[in-house]
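Source file: run23.cif (mmCIF, C-alpha atoms)
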data_model
loop_
_atom_site.label_atom_id
_atom_site.label_comp_id
_atom_site.auth_asym_id
_atom_site.auth_seq_id
_atom_site.Cartn_x
_atom_site.Cartn_y
_atom_site.Cartn_z
CA MET A 3 -8.49 13.78 -0.41
CA PRO A 4 -7.61 10.98 -2.91
CA GLU A 5 -8.08 7.41 -1.77
CA PRO A 6 -4.84 6.25 -0.06
CA GLY A 7 -2.49 4.66 -2.57
CA ALA A 8 -4.89 5.28 -5.43
CA MET A 9 -2.56 7.35 -7.61
CA ASN A 10 -0.02 4.58 -8.13
CA PRO A 11 -1.14 1.43 -6.28
CA LEU A 12 1.56 -1.11 -5.59
CA LEU A 13 -0.18 -3.19 -2.93
CA GLU A 14 -3.96 -3.63 -2.96
CA VAL A 15 -5.73 -5.55 -0.21
CA ALA A 16 -9.50 -5.92 0.14
CA GLY A 17 -11.64 -8.04 2.44
CA LEU A 18 -8.62 -9.89 3.82
CA ARG A 19 -9.45 -12.46 6.47
CA ALA A 20 -6.94 -14.70 8.25
CA TRP A 21 -6.92 -17.49 10.80
CA TYR A 22 -4.68 -19.41 13.18
CA GLY A 23 -6.39 -22.77 13.18
CA ALA A 24 -10.04 -22.11 14.06
CA SER A 25 -9.30 -18.67 15.52
CA GLN A 26 -10.03 -15.81 13.12
CA VAL A 27 -7.73 -12.79 13.54
CA LEU A 28 -8.38 -10.62 10.48
CA HIS A 29 -12.00 -9.73 9.73
CA GLY A 30 -11.89 -7.95 6.39
CA VAL A 31 -8.83 -5.69 6.04
CA ASP A 32 -8.78 -3.09 3.24
CA LEU A 33 -5.49 -1.30 2.53
CA ARG A 34 -3.65 0.28 -0.39
CA LEU A 35 -0.03 1.31 -0.60
CA GLY A 36 1.51 3.28 -3.44
CA ALA A 37 4.88 2.80 -5.11
CA GLY A 38 7.62 4.40 -3.01
CA GLU A 39 5.18 5.16 -0.19
CA VAL A 40 5.81 4.56 3.52
CA VAL A 41 2.73 3.43 5.45
CA ALA A 42 2.79 2.69 9.17
CA LEU A 43 0.40 0.02 10.45
CA ALA A 44 -0.32 0.75 14.10
CA GLY A 45 -2.46 -0.84 16.78
CA ARG A 46 -2.40 -2.52 20.14
CA ASN A 47 -0.97 -5.99 20.69
CA GLY A 48 -3.47 -8.53 19.39
CA SER A 49 -5.02 -6.15 16.87
CA GLY A 50 -3.81 -8.27 13.92
CA ARG A 51 -0.87 -6.24 12.60
CA SER A 52 1.69 -9.07 12.46
CA THR A 53 -0.95 -11.47 11.19
CA PHE A 54 -1.62 -9.06 8.32
CA ALA A 55 2.06 -9.18 7.33
CA LYS A 56 2.10 -12.97 7.52
CA ALA A 57 -1.09 -13.18 5.45
CA LEU A 58 0.54 -11.10 2.72
CA MET A 59 3.47 -13.53 2.73
CA SER A 60 1.19 -16.65 2.72
CA MET A 61 2.47 -17.68 6.15
CA VAL A 62 -1.03 -18.12 7.65
CA SER A 63 -4.39 -19.29 6.31
CA ALA A 64 -6.04 -16.34 4.57
CA GLU A 65 -8.81 -15.39 2.16
CA GLY A 66 -9.51 -12.15 0.32
CA MET A 67 -7.98 -10.04 -2.42
CA ARG A 68 -4.29 -9.24 -2.16
CA ARG A 69 -2.46 -8.01 -5.24
CA PHE A 70 1.12 -6.81 -5.48
CA ALA A 71 2.28 -4.96 -8.60
CA GLY A 72 -0.76 -6.40 -10.35
CA VAL A 73 0.03 -10.00 -9.35
CA ASP A 74 -2.46 -12.07 -7.33
CA LEU A 75 -0.57 -13.23 -4.22
CA ALA A 76 -3.25 -15.66 -3.02
CA PRO A 77 -2.07 -18.77 -4.92
CA LEU A 78 1.65 -18.10 -4.38
CA ARG A 79 3.94 -19.64 -1.79
CA THR A 80 6.13 -17.51 0.46
CA PHE A 81 9.31 -17.83 -1.62
CA GLU A 82 7.35 -17.04 -4.79
CA ILE A 83 5.98 -13.88 -3.18
CA ALA A 84 9.51 -12.85 -2.19
CA ARG A 85 10.58 -13.30 -5.81
CA GLN A 86 7.90 -10.82 -6.85
CA GLY A 87 9.77 -8.14 -4.86
CA LEU A 88 8.04 -8.23 -1.49
CA GLY A 89 10.50 -8.41 1.42
CA TYR A 90 9.67 -9.22 5.06
CA VAL A 91 11.65 -8.52 8.24
CA ALA A 92 9.94 -10.33 11.11
CA GLU A 93 9.85 -8.95 14.65
CA GLN A 94 12.16 -11.79 15.74
CA ARG A 95 14.67 -10.74 13.01
CA ASP A 96 15.45 -14.44 12.29
CA ILE A 97 19.18 -14.05 11.80
CA PHE A 98 21.53 -17.06 11.97
CA PRO A 99 23.55 -16.43 15.16
CA THR A 100 26.38 -18.88 14.47
CA LEU A 101 27.07 -17.52 10.98
CA SER A 102 29.13 -14.41 10.36
CA VAL A 103 27.55 -11.10 9.42
CA ASP A 104 28.60 -11.47 5.78
CA GLU A 105 27.41 -15.09 5.65
CA ASN A 106 23.99 -13.91 6.86
CA LEU A 107 23.97 -11.20 4.21
CA ARG A 108 24.93 -13.58 1.40
CA LEU A 109 21.94 -15.77 2.26
CA GLY A 110 19.71 -12.84 1.30
CA ILE A 111 21.16 -12.34 -2.18
CA LYS A 112 18.50 -13.20 -4.69
CA ASP A 113 18.92 -15.30 -7.79
CA ARG A 114 19.87 -12.75 -10.45
CA THR A 115 18.57 -15.04 -13.17
CA ILE A 116 15.02 -14.21 -12.00
CA ARG A 117 15.30 -10.44 -12.48
CA SER A 118 17.97 -7.76 -12.30
CA THR A 119 18.88 -6.29 -8.92
CA ARG A 120 19.41 -2.72 -7.71
CA PHE A 121 21.16 -3.74 -4.49
CA THR A 122 24.46 -5.53 -3.93
CA LEU A 123 26.56 -6.55 -0.94
CA ALA A 124 28.58 -3.36 -1.47
CA ASP A 125 25.35 -1.34 -1.26
CA ALA A 126 24.44 -3.07 2.01
CA HIS A 127 27.85 -2.23 3.46
CA ALA A 128 27.49 1.39 2.33
CA LEU A 129 24.03 1.79 3.85
CA PHE A 130 24.96 -0.05 7.06
CA PRO A 131 28.64 0.76 7.80
CA ILE A 132 28.61 -1.11 11.11
CA LEU A 133 27.97 -4.33 9.19
CA ARG A 134 31.04 -3.74 7.07
CA GLU A 135 33.09 -3.16 10.22
CA ARG A 136 31.78 -6.37 11.81
CA ARG A 137 31.53 -8.45 8.65
CA ASN A 138 33.50 -11.39 10.13
CA ALA A 139 31.81 -11.35 13.57
CA ARG A 140 29.22 -13.96 14.44
CA ALA A 141 25.76 -12.48 14.16
CA GLY A 142 24.81 -13.77 17.60
CA VAL A 143 27.24 -11.37 19.34
CA LEU A 144 25.76 -8.24 17.72
CA SER A 145 23.67 -5.85 19.77
CA GLY A 146 19.90 -5.78 19.23
CA GLY A 147 20.15 -2.73 17.01
CA GLU A 148 22.98 -4.22 14.98
CA GLN A 149 20.95 -7.40 14.50
CA GLN A 150 18.04 -5.28 13.31
CA MET A 151 20.30 -3.62 10.75
CA LEU A 152 21.55 -7.04 9.67
CA ALA A 153 17.98 -8.24 9.15
CA LEU A 154 17.15 -5.10 7.15
CA ALA A 155 20.28 -5.39 5.03
CA ARG A 156 19.67 -9.08 4.32
CA ALA A 157 16.12 -8.26 3.17
CA LEU A 158 17.52 -5.46 1.02
CA LEU A 159 19.75 -7.93 -0.84
CA GLY A 160 16.57 -9.66 -2.00
CA ASP A 161 15.95 -6.42 -3.95
CA PRO A 162 12.47 -5.66 -2.54
CA VAL A 163 10.10 -3.21 -4.16
CA LEU A 164 8.09 -3.24 -0.92
CA LEU A 165 9.65 -4.02 2.45
CA ILE A 166 7.48 -5.09 5.40
CA VAL A 167 9.24 -4.37 8.71
CA ASP A 168 7.63 -5.62 11.93
CA GLU A 169 8.48 -3.61 15.09
CA PRO A 170 12.00 -2.55 14.05
CA ALA A 171 12.48 -0.37 17.18
CA GLU A 172 11.21 -2.91 19.71
CA GLY A 173 13.62 -3.21 22.65
CA LEU A 174 16.15 -0.74 21.25
CA SER A 175 17.67 2.28 22.98
CA ALA A 176 16.83 5.76 21.75
CA PRO A 177 20.20 6.19 19.95
CA MET A 178 19.89 2.81 18.25
CA THR A 179 16.27 3.54 17.31
CA ALA A 180 17.53 6.73 15.63
CA ARG A 181 20.09 4.70 13.67
CA VAL A 182 17.45 2.24 12.50
CA ALA A 183 15.24 5.18 11.47
CA ALA A 184 18.13 6.58 9.42
CA CYS A 185 18.52 3.21 7.70
CA LEU A 186 14.82 3.09 6.82
CA ARG A 187 14.98 6.67 5.58
CA ALA A 188 17.87 5.72 3.29
CA LEU A 189 15.83 2.86 1.85
CA ARG A 190 12.89 5.20 1.24
CA GLU A 191 15.20 7.62 -0.56
CA ARG A 192 16.22 4.77 -2.86
CA GLY A 193 12.61 4.21 -3.85
CA VAL A 194 11.73 1.22 -1.63
CA ALA A 195 8.14 1.29 -0.40
CA ILE A 196 7.82 0.36 3.27
CA LEU A 197 5.02 -1.08 5.39
CA LEU A 198 6.15 -0.24 8.93
CA ILE A 199 4.41 -2.19 11.68
CA GLU A 200 4.55 -0.47 15.07
CA GLN A 201 2.66 -0.36 18.34
CA ARG A 202 4.17 2.70 20.01
CA LEU A 203 4.76 4.78 16.83
CA ALA A 204 8.42 5.32 17.62
CA LEU A 205 9.37 5.78 13.96
CA ALA A 206 6.13 6.49 12.11
CA PRO A 207 5.78 10.25 12.72
CA GLN A 208 9.15 10.97 11.09
CA LEU A 209 8.98 8.38 8.31
CA ALA A 210 5.41 7.59 7.30
CA ASP A 211 3.32 9.24 4.61
CA ARG A 212 0.23 7.64 6.18
CA ILE A 213 -0.69 5.83 9.36
CA ALA A 214 -3.27 3.04 9.21
CA VAL A 215 -4.63 1.98 12.59
CA MET A 216 -5.85 -1.57 13.09
CA GLY A 217 -8.33 -2.70 15.70
CA HIS A 218 -10.06 -6.05 16.12
CA GLY A 219 -8.69 -7.25 12.78
CA ARG A 220 -9.90 -4.28 10.71
CA ILE A 221 -8.55 -0.89 9.61
CA VAL A 222 -10.28 1.77 11.72
CA PHE A 223 -8.27 4.81 10.52
CA ASP A 224 -6.10 5.58 7.49
CA ASP A 225 -4.70 9.09 7.01
CA THR A 226 -1.62 11.25 7.50
CA PRO A 227 0.32 11.50 10.79
CA ALA A 228 -0.92 15.09 11.12
CA ALA A 229 -4.54 13.93 10.76
CA LEU A 230 -4.01 11.24 13.41
CA ALA A 231 -2.64 13.86 15.81
CA GLN A 232 -6.02 15.60 15.58
CA ARG A 233 -7.97 12.43 16.37
CA ALA A 234 -7.78 12.02 20.13
CA ASP A 235 -10.59 9.46 19.93
CA ILE A 236 -8.62 7.14 17.63
CA VAL A 237 -5.49 7.51 19.75
CA ARG A 238 -7.42 6.84 22.95
CA ASP A 239 -9.64 4.00 21.75
CA TRP A 240 -7.29 2.09 19.44
CA LEU A 241 -3.70 2.96 20.37
CA GLY A 242 -3.86 3.56 24.10
CA ILE A 243 -1.14 6.21 24.03
CA GLY A 244 -1.19 9.79 25.22
#

Take the structure in the file and give it back as structure tokens.
Amino acid sequence: MPEPGAMNPLLEVAGLRAWYGASQVLHGVDLRLGAGEVVALAGRNGSGRSTFAKALMSMVSAEGMRRFAGVDLAPLRTFEIARQGLGYVAEQRDIFPTLSVDENLRLGIKDRTIRSTRFTLADAHALFPILRERRNARAGVLSGGEQQMLALARALLGDPVLLIVDEPAEGLSAPMTARVAACLRALRERGVAILLIEQRLALAPQLADRIAVMGHGRIVFDDTPAALAQRADIVRDWLGIG
């Protein structure tokens, strides 16, 4: 089997270590992700998944190789990384509750003088029809699922090549989880690579090309969803699910 992401590497990470103050969380993470690929990053709470995302975005202290589309991310600040085409939707979604839906979306529109864009406000409305319907509503009155769609759409307007999404189904009902999955599937069909961070693997089996499992700040498994289904030891020891 070829090395994951080796055919057309978009994101390359090797020996990544990260800290919160004096507490080390990542202990040498190696991961590759190919252009247009969907990779789920799974693991128990405290395994380092969200810290990995923040390290990629230069939001925590980190050391190690991390390259995106051939560009070294290590010396870049968060906004400079975003300009390279790496989008990030945090678990908290970070919408502005007192602004309208469209005002939130317009904050995500990137500076078109930096590079051309594939996604517009009209595209966001087409992909997320509920946001078009509620365009004048304050974001704070949206349901959890609608807020998740708003966060995804706002990130989309930054024209990402790779979108990191942290726990997009957390706290959502089954029908709303299905709607979020459909949104992510639509992004994949438009060529956006996705790093999907999940604990319970609610979306990964239907969306991901690969599942990487993190434990104690390292990658302990990296293969297809079908291969993971055959590894009861990995599921038992590192995911804690049946």

| task | Go through A:His127, A:Leu133, A:Leu12, A:Leu43 and flag the residue nearest Pro227 in chain A, using only C-alpha atoms for the distances. | result |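 Between A:His127, A:Leu133, A:Leu12, A:Leu43, the residue approaching Pro227 in chain A most closely is A:Leu43.
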
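Here the question is which of A:Val143, A:Leu18, A:Ala206, A:Val182 gets nearest to Lys56 in chain A using all atoms listed in the file, and that residue is A:Leu18.
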
| Which one is closest to Leu164 in chain A: A:Pro99, A:Gly38, A:Pro177, A:Pro11? Count all atoms listed in the file. | A:Gly38

| Among listed residues A:Ala171, A:Leu78, A:Leu189, A:Leu88, nearest Ala126 in chain A (using all atoms listed in the file) | A:Leu189

Could the centre and edge lengths of an axis-aligned box, enclosing all atoms of range 96-106 of chain A in the file with 8 Å extra on each side, be given in Å to one decimal as JSON?
{"center_x": 22.3, "center_y": -15.0, "center_z": 10.4, "size_x": 29.7, "size_y": 23.8, "size_z": 25.5}

| task | Skip His29 in chain A itself and residues of its chain fewer than 5 positions away, then list as a VMD selection string all residues within 8 Å of it, counting all atoms listed in the file. | result | chain A and resid 17 to 20 218 to 220

| field | Residues within 10 Å of Leu129 in chain A, only C-alpha atoms, excluding chain neighbours under 6 positions, as a ChimeraX atom specification | value | /A:123,151,155,184-186,188-189

| Of the candidates A:Gly89, A:Gly72, A:Gly30, A:Pro131, which shows the shortest atom-to-atom distance to Asp161 in chain A, using only C-alpha atoms? |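 For Asp161 in chain A, the nearest of the candidates is A:Gly89.
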
| query | By how many Å are CA of Ala76 in chain A and CA of Gly23 in chain A apart? | reply |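 We find that CA of Ala76 in chain A and CA of Gly23 in chain A lie 18.0 Å from each other.
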
| request: Fewer than 4 positions away in the same chain doesn't count, so skip those; otherwise give me all residues within 7 Å of Asp104 in chain A, counting only C-alpha atoms, as a VMD selection string. | output: chain A and resid 108 137 to 138

| A:Ala214, A:Ala92, A:Ile111, A:Leu230 ranked by distance to Ala124 in chain A, top pick (using all atoms listed in the file) | A:Ile111

| said: Which residues would end up in the selection if the PyMOL selection byres ((chain A and resi 141) around 6) were applied here, given that I need the answer as a ChimeraX atom specification? | reply: /A:99,102-103,140,142-144

| Just how far from CA of Gly160 in chain A is CA of Gly45 in chain A, in Å to one decimal? | 28.2 Å

| said: Give me the residues near Leu154 in chain A as a list of chain:residue names, where near means some atom within 9 Å (using all atoms listed in the file) and where sequence neighbours in that chain fewer than 4 positions away do not count. | reply: A:Tyr90, A:Val91, A:Arg95, A:Gln149, A:Gln150, A:Leu158, A:Leu159, A:Leu165, A:Val167, A:Pro170, A:Cys185, A:Leu186

Determine, counting only C-alpha atoms, which protein, DNA and RNA residues have an atom within 10 Å of an atom of Val41 in chain A; residues of the same chain fewer than 5 positions away are not included. Present the result as a PDB file with C-alpha atoms, keeping the file's coordinate frame.
ATOM      1  CA  PRO A   6      -4.840   6.250  -0.060  1.00  0.00           C
ATOM      2  CA  GLY A   7      -2.490   4.660  -2.570  1.00  0.00           C
ATOM      3  CA  LEU A  33      -5.490  -1.300   2.530  1.00  0.00           C
ATOM      4  CA  ARG A  34      -3.650   0.280  -0.390  1.00  0.00           C
ATOM      5  CA  LEU A  35      -0.030   1.310  -0.600  1.00  0.00           C
ATOM      6  CA  GLY A  36       1.510   3.280  -3.440  1.00  0.00           C
ATOM      7  CA  ILE A 166       7.480  -5.090   5.400  1.00  0.00           C
ATOM      8  CA  ALA A 195       8.140   1.290  -0.400  1.00  0.00           C
ATOM      9  CA  ILE A 196       7.820   0.360   3.270  1.00  0.00           C
ATOM     10  CA  LEU A 197       5.020  -1.080   5.390  1.00  0.00           C
ATOM     11  CA  LEU A 198       6.150  -0.240   8.930  1.00  0.00           C
ATOM     12  CA  ILE A 199       4.410  -2.190  11.680  1.00  0.00           C
ATOM     13  CA  ALA A 206       6.130   6.490  12.110  1.00  0.00           C
ATOM     14  CA  LEU A 209       8.980   8.380   8.310  1.00  0.00           C
ATOM     15  CA  ALA A 210       5.410   7.590   7.300  1.00  0.00           C
ATOM     16  CA  ASP A 211       3.320   9.240   4.610  1.00  0.00           C
ATOM     17  CA  ARG A 212       0.230   7.640   6.180  1.00  0.00           C
ATOM     18  CA  ILE A 213      -0.690   5.830   9.360  1.00  0.00           C
ATOM     19  CA  ALA A 214      -3.270   3.040   9.210  1.00  0.00           C
ATOM     20  CA  ASP A 224      -6.100   5.580   7.490  1.00  0.00           C
ATOM     21  CA  ASP A 225      -4.700   9.090   7.010  1.00  0.00           C
ATOM     22  CA  THR A 226      -1.620  11.250   7.500  1.00  0.00           C
ATOM     23  CA  PRO A 227       0.320  11.500  10.790  1.00  0.00           C
TER      24      PRO A 227
END

| said: Could you tell me how far CA of Gly173 in chain A sits from CA of Met61 in chain A, in Å to one decimal place? | reply: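 One can read the CA of Met61 in chain A to CA of Gly173 in chain A distance as 24.6 Å.
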
Quick one: range 207-228 of chain A with N, CA and C atoms, as an mmCIF file, in the frame of the given file?
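Listing of rebuild_19.cif after writing:
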data_model
loop_
_atom_site.group_PDB
_atom_site.id
_atom_site.type_symbol
_atom_site.label_atom_id
_atom_site.label_comp_id
_atom_site.auth_asym_id
_atom_site.auth_seq_id
_atom_site.Cartn_x
_atom_site.Cartn_y
_atom_site.Cartn_z
ATOM 1 N N PRO A 207 5.980 8.805 12.963
ATOM 2 C CA PRO A 207 5.780 10.250 12.720
ATOM 3 C C PRO A 207 6.845 10.875 11.829
ATOM 4 N N GLN A 208 8.073 10.368 11.885
ATOM 5 C CA GLN A 208 9.150 10.970 11.090
ATOM 6 C C GLN A 208 9.331 10.298 9.734
ATOM 7 N N LEU A 209 8.740 9.136 9.532
ATOM 8 C CA LEU A 209 8.980 8.380 8.310
ATOM 9 C C LEU A 209 7.748 8.208 7.424
ATOM 10 N N ALA A 210 6.578 8.072 8.033
ATOM 11 C CA ALA A 210 5.410 7.590 7.300
ATOM 12 C C ALA A 210 4.676 8.699 6.550
ATOM 13 N N ASP A 211 4.231 8.376 5.341
ATOM 14 C CA ASP A 211 3.320 9.240 4.610
ATOM 15 C C ASP A 211 1.909 9.118 5.168
ATOM 16 N N ARG A 212 1.555 7.902 5.602
ATOM 17 C CA ARG A 212 0.230 7.640 6.180
ATOM 18 C C ARG A 212 0.393 6.716 7.365
ATOM 19 N N ILE A 213 -0.595 6.781 8.255
ATOM 20 C CA ILE A 213 -0.690 5.830 9.360
ATOM 21 C C ILE A 213 -2.048 5.157 9.277
ATOM 22 N N ALA A 214 -2.050 3.831 9.169
ATOM 23 C CA ALA A 214 -3.270 3.040 9.210
ATOM 24 C C ALA A 214 -3.342 2.384 10.581
ATOM 25 N N VAL A 215 -4.459 2.533 11.246
ATOM 26 C CA VAL A 215 -4.630 1.980 12.590
ATOM 27 C C VAL A 215 -5.533 0.755 12.499
ATOM 28 N N MET A 216 -5.089 -0.334 13.101
ATOM 29 C CA MET A 216 -5.850 -1.570 13.090
ATOM 30 C C MET A 216 -6.437 -1.849 14.467
ATOM 31 N N GLY A 217 -7.676 -2.294 14.470
ATOM 32 C CA GLY A 217 -8.330 -2.700 15.700
ATOM 33 C C GLY A 217 -9.285 -3.839 15.438
ATOM 34 N N HIS A 218 -9.186 -4.876 16.261
ATOM 35 C CA HIS A 218 -10.060 -6.050 16.120
ATOM 36 C C HIS A 218 -10.029 -6.623 14.705
ATOM 37 N N GLY A 219 -8.838 -6.615 14.084
ATOM 38 C CA GLY A 219 -8.690 -7.250 12.780
ATOM 39 C C GLY A 219 -9.223 -6.460 11.616
ATOM 40 N N ARG A 220 -9.440 -5.145 11.802
ATOM 41 C CA ARG A 220 -9.900 -4.280 10.710
ATOM 42 C C ARG A 220 -9.133 -2.958 10.758
ATOM 43 N N ILE A 221 -9.114 -2.234 9.641
ATOM 44 C CA ILE A 221 -8.550 -0.890 9.610
ATOM 45 C C ILE A 221 -9.621 0.083 10.083
ATOM 46 N N VAL A 222 -9.303 0.840 11.149
ATOM 47 C CA VAL A 222 -10.280 1.770 11.720
ATOM 48 C C VAL A 222 -9.907 3.226 11.428
ATOM 49 N N PHE A 223 -8.712 3.465 10.875
ATOM 50 C CA PHE A 223 -8.270 4.810 10.520
ATOM 51 C C PHE A 223 -7.167 4.678 9.491
ATOM 52 N N ASP A 224 -7.149 5.591 8.505
ATOM 53 C CA ASP A 224 -6.100 5.580 7.490
ATOM 54 C C ASP A 224 -5.944 7.002 6.949
ATOM 55 N N ASP A 225 -4.897 7.702 7.422
ATOM 56 C CA ASP A 225 -4.700 9.090 7.010
ATOM 57 C C ASP A 225 -3.264 9.493 7.373
ATOM 58 N N THR A 226 -2.962 10.753 7.246
ATOM 59 C CA THR A 226 -1.620 11.250 7.500
ATOM 60 C C THR A 226 -1.316 11.301 8.995
ATOM 61 N N PRO A 227 -0.018 11.330 9.373
ATOM 62 C CA PRO A 227 0.320 11.500 10.790
ATOM 63 C C PRO A 227 -0.285 12.760 11.392
ATOM 64 N N ALA A 228 -0.336 13.851 10.614
ATOM 65 C CA ALA A 228 -0.920 15.090 11.120
ATOM 66 C C ALA A 228 -2.413 14.917 11.405
#
